[in-house]
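K.L.:
Here's a structure for you.
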Amino acid sequence: MTDARAELRRLWRRSARYRPRTATGAIIAVTVAAYVLQLLSAGAMEDALQYAPVYSLPATGAPFEPWRMLTAALLHQPISIPGNLIGIIHIGFNMYALWLFGRPLEGVVGAARLLAIYVLGALGGSLGVLAAAFIPVQGVQVDARTAVIGASGAVFAVLGAVAVVQRRLGVDVRSLVIVIGLNLALGLVLSGIAWQAHVGGLVVGAVVGQVFITNRGPRRDARARLIAGGIAGLLVLLALVPGLLV
């Protein structure tokens, strides 16, 4: 093992300790605050920010509002007291997974890159849902008017990036791959879960994570930003093109 790889592995282990991480904590704080506002808004925030493929397809008669692909990650399943508390599980699981895996990832790639993975993963998740609206296969196709909310696509992007980074550092990723696979399988079995968003986020996170971990250091930082910017541009283009063609 090279000295550089050994140092990266030591950095990964150290970053797993419980200590604050700028981007990870900020994302969680913003998401929790948005959830509180969502509950207080009595459905207004959901109407304004949730995503459905129709918002990318103006030919359906819905307004063309592609920014919802990102804002949907700020929302989670609402709760009612007494009664349905599933929303707490929804946001709680997402934020716990982000805290568990985002902190060590941020320790290796940095706050800005962790944020980029998360945001691009959210966009990738919504693109997965949009793509599924065009696939006429039962179990895959999504009704274009079905609204989706949640940060699961972004969180799966973090998981995908962690798997790629750990593998690059020589860490055994089999346990993590099993965890990812089980969570994807749950989306196929349980109703009401947009597993297409999970897949979209996972793919984007793995690709961007690979770009970042293979382009570390001052000499390659510009290259990493250029490639990541290109990926972001491609995702934005994919988000806008259906509105122009359909």
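Simple scheme: letters A, B, ... for chains in structure tokens order, numbers from 1 for residues in each chain, numbers from 1 for ligands in the order shown.
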Residues near A:Leu235, anyone? I mean within 10 Å using only C-alpha atoms, not counting same-chain ones fewer than 2 positions away, as a list in words.

P.N.:
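The neighbour list is Leu120, Gly121, Leu123, Gly124, Leu127, Val204, Gly229, Gly230, Ile231, Ala232, Gly233, Leu237, Leu238, Ala239 and Leu240 of chain A.
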
K.L.:
Have a look at atom CA of A:Arg68 and atom CA of A:Ala194 and let me know their distance in Å, one decimal.

P.N.:
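These two atoms are separated by 15.6 Å.
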
K.L.:
Using only C-alpha atoms, I'd like a table of the residues in stretch 87-129 of chain A that come within 8 Å of stretch 149-164 of chain A; for each, show the closest atom pair and its distance in Å rounded to one decimal, ordered by chain and ascending number, as CSV.

P.N.:
```
residue,atom,partner,partner_atom,distance
A:His90,CA,A:Gly150,CA,7.8
A:Ile91,CA,A:Gly150,CA,7.5
A:Asn94,CA,A:Ser152,CA,6.2
A:Ala97,CA,A:Val155,CA,7.1
A:Leu98,CA,A:Val155,CA,6.0
A:Phe101,CA,A:Leu159,CA,6.9
A:Gly102,CA,A:Val158,CA,6.5
A:Leu105,CA,A:Val162,CA,6.1
A:Leu114,CA,A:Val158,CA,7.8
A:Ile117,CA,A:Ala157,CA,6.4
A:Tyr118,CA,A:Ala154,CA,4.8
A:Val119,CA,A:Ala154,CA,6.5
A:Leu120,CA,A:Ala154,CA,7.3
A:Gly121,CA,A:Ala154,CA,4.2
A:Ala122,CA,A:Ala154,CA,4.2
A:Leu123,CA,A:Ala154,CA,7.8
A:Gly124,CA,A:Gly153,CA,7.1
A:Gly125,CA,A:Gly153,CA,4.5
A:Ser126,CA,A:Gly153,CA,7.5
```

K.L.:
Would you write out those residues with C-alpha atoms, as a PDB file, in the first residue's frame?

P.N.:
```
ATOM      1  CA  HIS A  90     -39.014   9.321   6.958  1.00  0.00           C
ATOM      2  CA  ILE A  91     -36.949  12.361   7.875  1.00  0.00           C
ATOM      3  CA  ASN A  94     -32.692  10.113   5.999  1.00  0.00           C
ATOM      4  CA  ALA A  97     -28.038   8.042   7.344  1.00  0.00           C
ATOM      5  CA  LEU A  98     -26.651  11.394   6.221  1.00  0.00           C
ATOM      6  CA  PHE A 101     -22.110   8.441   6.252  1.00  0.00           C
ATOM      7  CA  GLY A 102     -21.844  12.118   5.383  1.00  0.00           C
ATOM      8  CA  LEU A 105     -17.176  11.357   3.516  1.00  0.00           C
ATOM      9  CA  LEU A 114     -19.965  16.751   0.017  1.00  0.00           C
ATOM     10  CA  ILE A 117     -22.680  15.285  -4.114  1.00  0.00           C
ATOM     11  CA  TYR A 118     -25.809  15.882  -2.046  1.00  0.00           C
ATOM     12  CA  VAL A 119     -27.334  18.518  -4.323  1.00  0.00           C
ATOM     13  CA  LEU A 120     -26.503  16.702  -7.543  1.00  0.00           C
ATOM     14  CA  GLY A 121     -27.857  13.510  -5.973  1.00  0.00           C
ATOM     15  CA  ALA A 122     -31.154  15.248  -5.233  1.00  0.00           C
ATOM     16  CA  LEU A 123     -31.350  16.326  -8.866  1.00  0.00           C
ATOM     17  CA  GLY A 124     -30.371  12.850 -10.037  1.00  0.00           C
ATOM     18  CA  GLY A 125     -33.102  11.319  -7.895  1.00  0.00           C
ATOM     19  CA  SER A 126     -35.761  13.541  -9.450  1.00  0.00           C
TER      20      SER A 126
END
```

K.L.:
Go through A:Gly25, A:Gly61, A:Gly187, A:Pro242 and flag the residue nearest A:Val140, using only C-alpha atoms for the distances.

P.N.:
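The closest residue to A:Val140 is A:Gly187.
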
K.L.:
Which of stretch 64-225 of chain A counts as helix (DSSP H, G or I) under DSSP, as a ChimeraX atom specification please?

P.N.:
/A:68-74,86-109,111-132,152-168,174-189,195-213,218-225

K.L.:
Can you list, as a VMD selection string, every protein, DNA or RNA residue that comes within 12 Å of A:Thr60 when you count only C-alpha atoms, leaving out same-chain residues fewer than 2 positions away?

P.N.:
chain A and resid 52 to 58 62 to 64 144 to 145 242 to 243 246

K.L.:
Which residue, A:Val171, A:Val148, A:Val108, A:Val137, has the smallest gap to A:Met69 when you use only C-alpha atoms?

P.N.:
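Answer, going by the shortest atom-to-atom distance: A:Val148.
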
K.L.:
Please, what distance in Å, to one decimal, runs between atom CA of A:Ala111 and atom CA of A:Thr22?

P.N.:
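Between atom CA of A:Ala111 and atom CA of A:Thr22 the gap works out to 6.3 Å.
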
K.L.:
Under the rule that only C-alpha atoms are counted, which of A:Leu100, A:Ile227, A:Ala133, A:Val36 is the nearest residue to A:Pro78?

P.N.:
A:Val36

K.L.:
For stretch 217-223 of chain A, find every residue with an atom within 12 Å (counting only C-alpha atoms), except residues of its own chain fewer than 2 positions away, and show them as a PDB file with N, CA and C atoms, in the first residue's frame.

P.N.:
```pdb
ATOM      1  N   ALA A   4       0.439   7.401   0.350  1.00  0.00           N
ATOM      2  CA  ALA A   4      -0.715   8.278   0.143  1.00  0.00           C
ATOM      3  C   ALA A   4      -2.013   7.562   0.469  1.00  0.00           C
ATOM      4  N   LEU A   8      -4.760   8.279   3.468  1.00  0.00           N
ATOM      5  CA  LEU A   8      -6.180   8.471   3.207  1.00  0.00           C
ATOM      6  C   LEU A   8      -7.031   7.550   4.076  1.00  0.00           C
ATOM      7  N   VAL A 108     -13.057  13.323   4.095  1.00  0.00           N
ATOM      8  CA  VAL A 108     -12.124  12.926   3.037  1.00  0.00           C
ATOM      9  C   VAL A 108     -12.177  13.877   1.846  1.00  0.00           C
ATOM     10  N   VAL A 109     -13.385  14.205   1.375  1.00  0.00           N
ATOM     11  CA  VAL A 109     -13.486  15.003   0.151  1.00  0.00           C
ATOM     12  C   VAL A 109     -13.685  16.487   0.424  1.00  0.00           C
ATOM     13  N   GLY A 110     -14.057  16.856   1.643  1.00  0.00           N
ATOM     14  CA  GLY A 110     -14.257  18.264   1.970  1.00  0.00           C
ATOM     15  C   GLY A 110     -15.723  18.670   1.950  1.00  0.00           C
ATOM     16  N   ALA A 112     -17.331  21.356   0.566  1.00  0.00           N
ATOM     17  CA  ALA A 112     -17.911  21.794  -0.708  1.00  0.00           C
ATOM     18  C   ALA A 112     -18.258  20.606  -1.593  1.00  0.00           C
ATOM     19  N   ARG A 113     -17.382  19.600  -1.603  1.00  0.00           N
ATOM     20  CA  ARG A 113     -17.632  18.451  -2.464  1.00  0.00           C
ATOM     21  C   ARG A 113     -18.761  17.585  -1.902  1.00  0.00           C
ATOM     22  N   VAL A 211     -15.189  10.936  -9.342  1.00  0.00           N
ATOM     23  CA  VAL A 211     -14.476  12.114  -9.866  1.00  0.00           C
ATOM     24  C   VAL A 211     -13.685  12.792  -8.751  1.00  0.00           C
ATOM     25  N   PHE A 212     -14.304  12.957  -7.598  1.00  0.00           N
ATOM     26  CA  PHE A 212     -13.664  13.688  -6.507  1.00  0.00           C
ATOM     27  C   PHE A 212     -12.510  12.906  -5.880  1.00  0.00           C
ATOM     28  N   ILE A 213     -12.681  11.613  -5.689  1.00  0.00           N
ATOM     29  CA  ILE A 213     -11.638  10.861  -4.989  1.00  0.00           C
ATOM     30  C   ILE A 213     -10.436  10.602  -5.890  1.00  0.00           C
ATOM     31  N   THR A 214     -10.638  10.608  -7.197  1.00  0.00           N
ATOM     32  CA  THR A 214      -9.513  10.409  -8.120  1.00  0.00           C
ATOM     33  C   THR A 214      -8.854  11.720  -8.525  1.00  0.00           C
ATOM     34  N   ASN A 215      -9.387  12.828  -8.055  1.00  0.00           N
ATOM     35  CA  ASN A 215      -8.809  14.137  -8.381  1.00  0.00           C
ATOM     36  C   ASN A 215      -8.643  14.950  -7.102  1.00  0.00           C
ATOM     37  N   ARG A 225     -13.255  20.184 -10.387  1.00  0.00           N
ATOM     38  CA  ARG A 225     -14.330  21.176 -10.506  1.00  0.00           C
ATOM     39  C   ARG A 225     -14.881  21.214 -11.927  1.00  0.00           C
ATOM     40  N   LEU A 226     -13.996  21.090 -12.904  1.00  0.00           N
ATOM     41  CA  LEU A 226     -14.417  21.140 -14.306  1.00  0.00           C
ATOM     42  C   LEU A 226     -15.315  19.946 -14.639  1.00  0.00           C
ATOM     43  N   ILE A 227     -14.888  18.750 -14.224  1.00  0.00           N
ATOM     44  CA  ILE A 227     -15.678  17.554 -14.526  1.00  0.00           C
ATOM     45  C   ILE A 227     -17.008  17.582 -13.781  1.00  0.00           C
ATOM     46  N   ALA A 228     -16.959  17.960 -12.487  1.00  0.00           N
ATOM     47  CA  ALA A 228     -18.190  18.035 -11.704  1.00  0.00           C
ATOM     48  C   ALA A 228     -19.136  19.074 -12.293  1.00  0.00           C
ATOM     49  N   GLY A 229     -18.575  20.187 -12.754  1.00  0.00           N
ATOM     50  CA  GLY A 229     -19.400  21.202 -13.402  1.00  0.00           C
ATOM     51  C   GLY A 229     -20.040  20.680 -14.676  1.00  0.00           C
ATOM     52  N   GLY A 230     -19.285  19.871 -15.409  1.00  0.00           N
ATOM     53  CA  GLY A 230     -19.833  19.267 -16.621  1.00  0.00           C
ATOM     54  C   GLY A 230     -20.972  18.314 -16.313  1.00  0.00           C
TER      55      GLY A 230
END
```

K.L.:
What gap, in Å, lies between atom CA of A:Gly200 and atom CA of A:Gly128?

P.N.:
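Taking atom CA of A:Gly200 and atom CA of A:Gly128, their separation equals 4.6 Å.
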
K.L.:
From the options A:Gln50, A:Gln138, A:Pro104, A:Tyr35, which residue's atoms come nearest to A:Leu188, counting only C-alpha atoms?

P.N.:
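Of all the options, A:Gln138 lies closest to A:Leu188.
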
K.L.:
Please list as a PDB file with N, CA and C atoms, in the first residue's frame every residue within 12 Å of A:His76, counting only C-alpha atoms and excluding residues in the same chain fewer than 3 positions away.

P.N.:
```pdb
ATOM      1  N   THR A  31     -32.632  21.025   6.574  1.00  0.00           N
ATOM      2  CA  THR A  31     -33.716  20.083   6.275  1.00  0.00           C
ATOM      3  C   THR A  31     -34.704  19.984   7.429  1.00  0.00           C
ATOM      4  N   VAL A  32     -34.200  19.920   8.651  1.00  0.00           N
ATOM      5  CA  VAL A  32     -35.088  19.853   9.818  1.00  0.00           C
ATOM      6  C   VAL A  32     -35.890  21.142   9.948  1.00  0.00           C
ATOM      7  N   ALA A  33     -35.240  22.285   9.741  1.00  0.00           N
ATOM      8  CA  ALA A  33     -35.952  23.561   9.804  1.00  0.00           C
ATOM      9  C   ALA A  33     -37.041  23.631   8.742  1.00  0.00           C
ATOM     10  N   ALA A  34     -36.727  23.155   7.540  1.00  0.00           N
ATOM     11  CA  ALA A  34     -37.726  23.148   6.470  1.00  0.00           C
ATOM     12  C   ALA A  34     -38.892  22.234   6.826  1.00  0.00           C
ATOM     13  N   TYR A  35     -38.595  21.127   7.511  1.00  0.00           N
ATOM     14  CA  TYR A  35     -39.655  20.192   7.896  1.00  0.00           C
ATOM     15  C   TYR A  35     -40.590  20.826   8.920  1.00  0.00           C
ATOM     16  N   VAL A  36     -40.027  21.554   9.861  1.00  0.00           N
ATOM     17  CA  VAL A  36     -40.850  22.251  10.847  1.00  0.00           C
ATOM     18  C   VAL A  36     -41.753  23.273  10.155  1.00  0.00           C
ATOM     19  N   LEU A  37     -41.183  24.035   9.230  1.00  0.00           N
ATOM     20  CA  LEU A  37     -41.978  25.006   8.478  1.00  0.00           C
ATOM     21  C   LEU A  37     -43.044  24.313   7.636  1.00  0.00           C
ATOM     22  N   GLN A  38     -42.695  23.159   7.086  1.00  0.00           N
ATOM     23  CA  GLN A  38     -43.655  22.394   6.298  1.00  0.00           C
ATOM     24  C   GLN A  38     -44.865  22.002   7.149  1.00  0.00           C
ATOM     25  N   LEU A  39     -44.606  21.524   8.362  1.00  0.00           N
ATOM     26  CA  LEU A  39     -45.700  21.131   9.243  1.00  0.00           C
ATOM     27  C   LEU A  39     -46.566  22.323   9.620  1.00  0.00           C
ATOM     28  N   GLY A  43     -49.653  22.332   4.461  1.00  0.00           N
ATOM     29  CA  GLY A  43     -49.695  21.873   3.074  1.00  0.00           C
ATOM     30  C   GLY A  43     -49.232  22.879   2.049  1.00  0.00           C
ATOM     31  N   MET A  45     -46.319  24.492   1.745  1.00  0.00           N
ATOM     32  CA  MET A  45     -44.965  24.224   1.248  1.00  0.00           C
ATOM     33  C   MET A  45     -44.948  23.024   0.315  1.00  0.00           C
ATOM     34  N   GLU A  46     -45.757  22.032   0.607  1.00  0.00           N
ATOM     35  CA  GLU A  46     -45.820  20.874  -0.278  1.00  0.00           C
ATOM     36  C   GLU A  46     -46.344  21.270  -1.651  1.00  0.00           C
ATOM     37  N   LEU A  49     -43.399  23.225  -3.351  1.00  0.00           N
ATOM     38  CA  LEU A  49     -42.052  22.686  -3.512  1.00  0.00           C
ATOM     39  C   LEU A  49     -41.971  21.223  -3.933  1.00  0.00           C
ATOM     40  N   GLN A  50     -43.022  20.435  -3.764  1.00  0.00           N
ATOM     41  CA  GLN A  50     -42.940  19.021  -4.110  1.00  0.00           C
ATOM     42  C   GLN A  50     -42.781  18.841  -5.620  1.00  0.00           C
ATOM     43  N   TYR A  51     -42.261  17.679  -6.021  1.00  0.00           N
ATOM     44  CA  TYR A  51     -41.996  17.431  -7.437  1.00  0.00           C
ATOM     45  C   TYR A  51     -42.869  16.298  -7.970  1.00  0.00           C
ATOM     46  N   THR A  71     -36.070  21.339  -4.791  1.00  0.00           N
ATOM     47  CA  THR A  71     -36.778  21.745  -3.571  1.00  0.00           C
ATOM     48  C   THR A  71     -37.517  20.592  -2.920  1.00  0.00           C
ATOM     49  N   ALA A  72     -37.853  19.554  -3.681  1.00  0.00           N
ATOM     50  CA  ALA A  72     -38.551  18.402  -3.100  1.00  0.00           C
ATOM     51  C   ALA A  72     -37.713  17.727  -2.019  1.00  0.00           C
ATOM     52  N   ALA A  73     -36.386  17.885  -2.086  1.00  0.00           N
ATOM     53  CA  ALA A  73     -35.506  17.267  -1.091  1.00  0.00           C
ATOM     54  C   ALA A  73     -35.613  17.945   0.272  1.00  0.00           C
ATOM     55  N   ILE A  79     -46.691  14.623   9.306  1.00  0.00           N
ATOM     56  CA  ILE A  79     -47.228  13.820  10.399  1.00  0.00           C
ATOM     57  C   ILE A  79     -48.530  14.436  10.881  1.00  0.00           C
ATOM     58  N   LEU A  85     -47.446   8.969  12.366  1.00  0.00           N
ATOM     59  CA  LEU A  85     -46.125   9.493  12.702  1.00  0.00           C
ATOM     60  C   LEU A  85     -45.062   9.029  11.707  1.00  0.00           C
ATOM     61  N   ILE A  86     -45.495   8.515  10.541  1.00  0.00           N
ATOM     62  CA  ILE A  86     -44.542   7.972   9.577  1.00  0.00           C
ATOM     63  C   ILE A  86     -43.564   9.027   9.101  1.00  0.00           C
ATOM     64  N   GLY A  87     -43.972  10.297   9.140  1.00  0.00           N
ATOM     65  CA  GLY A  87     -43.078  11.356   8.681  1.00  0.00           C
ATOM     66  C   GLY A  87     -41.820  11.463   9.522  1.00  0.00           C
ATOM     67  N   ILE A  88     -41.948  11.205  10.824  1.00  0.00           N
ATOM     68  CA  ILE A  88     -40.772  11.234  11.701  1.00  0.00           C
ATOM     69  C   ILE A  88     -39.782  10.154  11.293  1.00  0.00           C
ATOM     70  N   ILE A  89     -40.304   8.981  10.936  1.00  0.00           N
ATOM     71  CA  ILE A  89     -39.428   7.899  10.474  1.00  0.00           C
ATOM     72  C   ILE A  89     -38.762   8.294   9.162  1.00  0.00           C
ATOM     73  N   HIS A  90     -39.527   8.924   8.272  1.00  0.00           N
ATOM     74  CA  HIS A  90     -39.014   9.321   6.958  1.00  0.00           C
ATOM     75  C   HIS A  90     -37.824  10.267   7.089  1.00  0.00           C
ATOM     76  N   ILE A  91     -38.031  11.387   7.742  1.00  0.00           N
ATOM     77  CA  ILE A  91     -36.949  12.361   7.875  1.00  0.00           C
ATOM     78  C   ILE A  91     -35.875  11.853   8.827  1.00  0.00           C
ATOM     79  N   GLY A  92     -36.283  11.129   9.861  1.00  0.00           N
ATOM     80  CA  GLY A  92     -35.309  10.624  10.829  1.00  0.00           C
ATOM     81  C   GLY A  92     -34.323   9.662  10.200  1.00  0.00           C
ATOM     82  N   PHE A  93     -34.828   8.738   9.387  1.00  0.00           N
ATOM     83  CA  PHE A  93     -33.933   7.775   8.738  1.00  0.00           C
ATOM     84  C   PHE A  93     -32.991   8.482   7.772  1.00  0.00           C
ATOM     85  N   ASN A  94     -33.536   9.408   6.971  1.00  0.00           N
ATOM     86  CA  ASN A  94     -32.692  10.113   5.999  1.00  0.00           C
ATOM     87  C   ASN A  94     -31.592  10.914   6.682  1.00  0.00           C
ATOM     88  N   MET A  95     -31.945  11.643   7.732  1.00  0.00           N
ATOM     89  CA  MET A  95     -30.955  12.489   8.389  1.00  0.00           C
ATOM     90  C   MET A  95     -29.951  11.663   9.189  1.00  0.00           C
ATOM     91  N   ALA A 147     -46.811  12.950  -6.957  1.00  0.00           N
ATOM     92  CA  ALA A 147     -45.825  13.832  -6.317  1.00  0.00           C
ATOM     93  C   ALA A 147     -44.840  13.009  -5.477  1.00  0.00           C
ATOM     94  N   VAL A 148     -43.600  13.433  -5.474  1.00  0.00           N
ATOM     95  CA  VAL A 148     -42.573  12.786  -4.656  1.00  0.00           C
ATOM     96  C   VAL A 148     -41.886  13.851  -3.805  1.00  0.00           C
ATOM     97  N   ILE A 149     -41.576  13.480  -2.583  1.00  0.00           N
ATOM     98  CA  ILE A 149     -40.863  14.372  -1.675  1.00  0.00           C
ATOM     99  C   ILE A 149     -39.832  13.561  -0.916  1.00  0.00           C
ATOM    100  N   GLY A 150     -38.862  14.258  -0.332  1.00  0.00           N
ATOM    101  CA  GLY A 150     -37.878  13.588   0.499  1.00  0.00           C
ATOM    102  C   GLY A 150     -36.461  13.725  -0.029  1.00  0.00           C
ATOM    103  N   ALA A 151     -35.514  13.537   0.887  1.00  0.00           N
ATOM    104  CA  ALA A 151     -34.097  13.661   0.556  1.00  0.00           C
ATOM    105  C   ALA A 151     -33.445  12.323   0.254  1.00  0.00           C
ATOM    106  N   SER A 152     -34.255  11.285   0.018  1.00  0.00           N
ATOM    107  CA  SER A 152     -33.695   9.951  -0.167  1.00  0.00           C
ATOM    108  C   SER A 152     -32.743   9.865  -1.352  1.00  0.00           C
ATOM    109  N   ILE A 193     -42.926   4.227  -1.950  1.00  0.00           N
ATOM    110  CA  ILE A 193     -41.514   4.603  -1.956  1.00  0.00           C
ATOM    111  C   ILE A 193     -41.052   4.769  -3.400  1.00  0.00           C
TER     112      ILE A 193
END
```
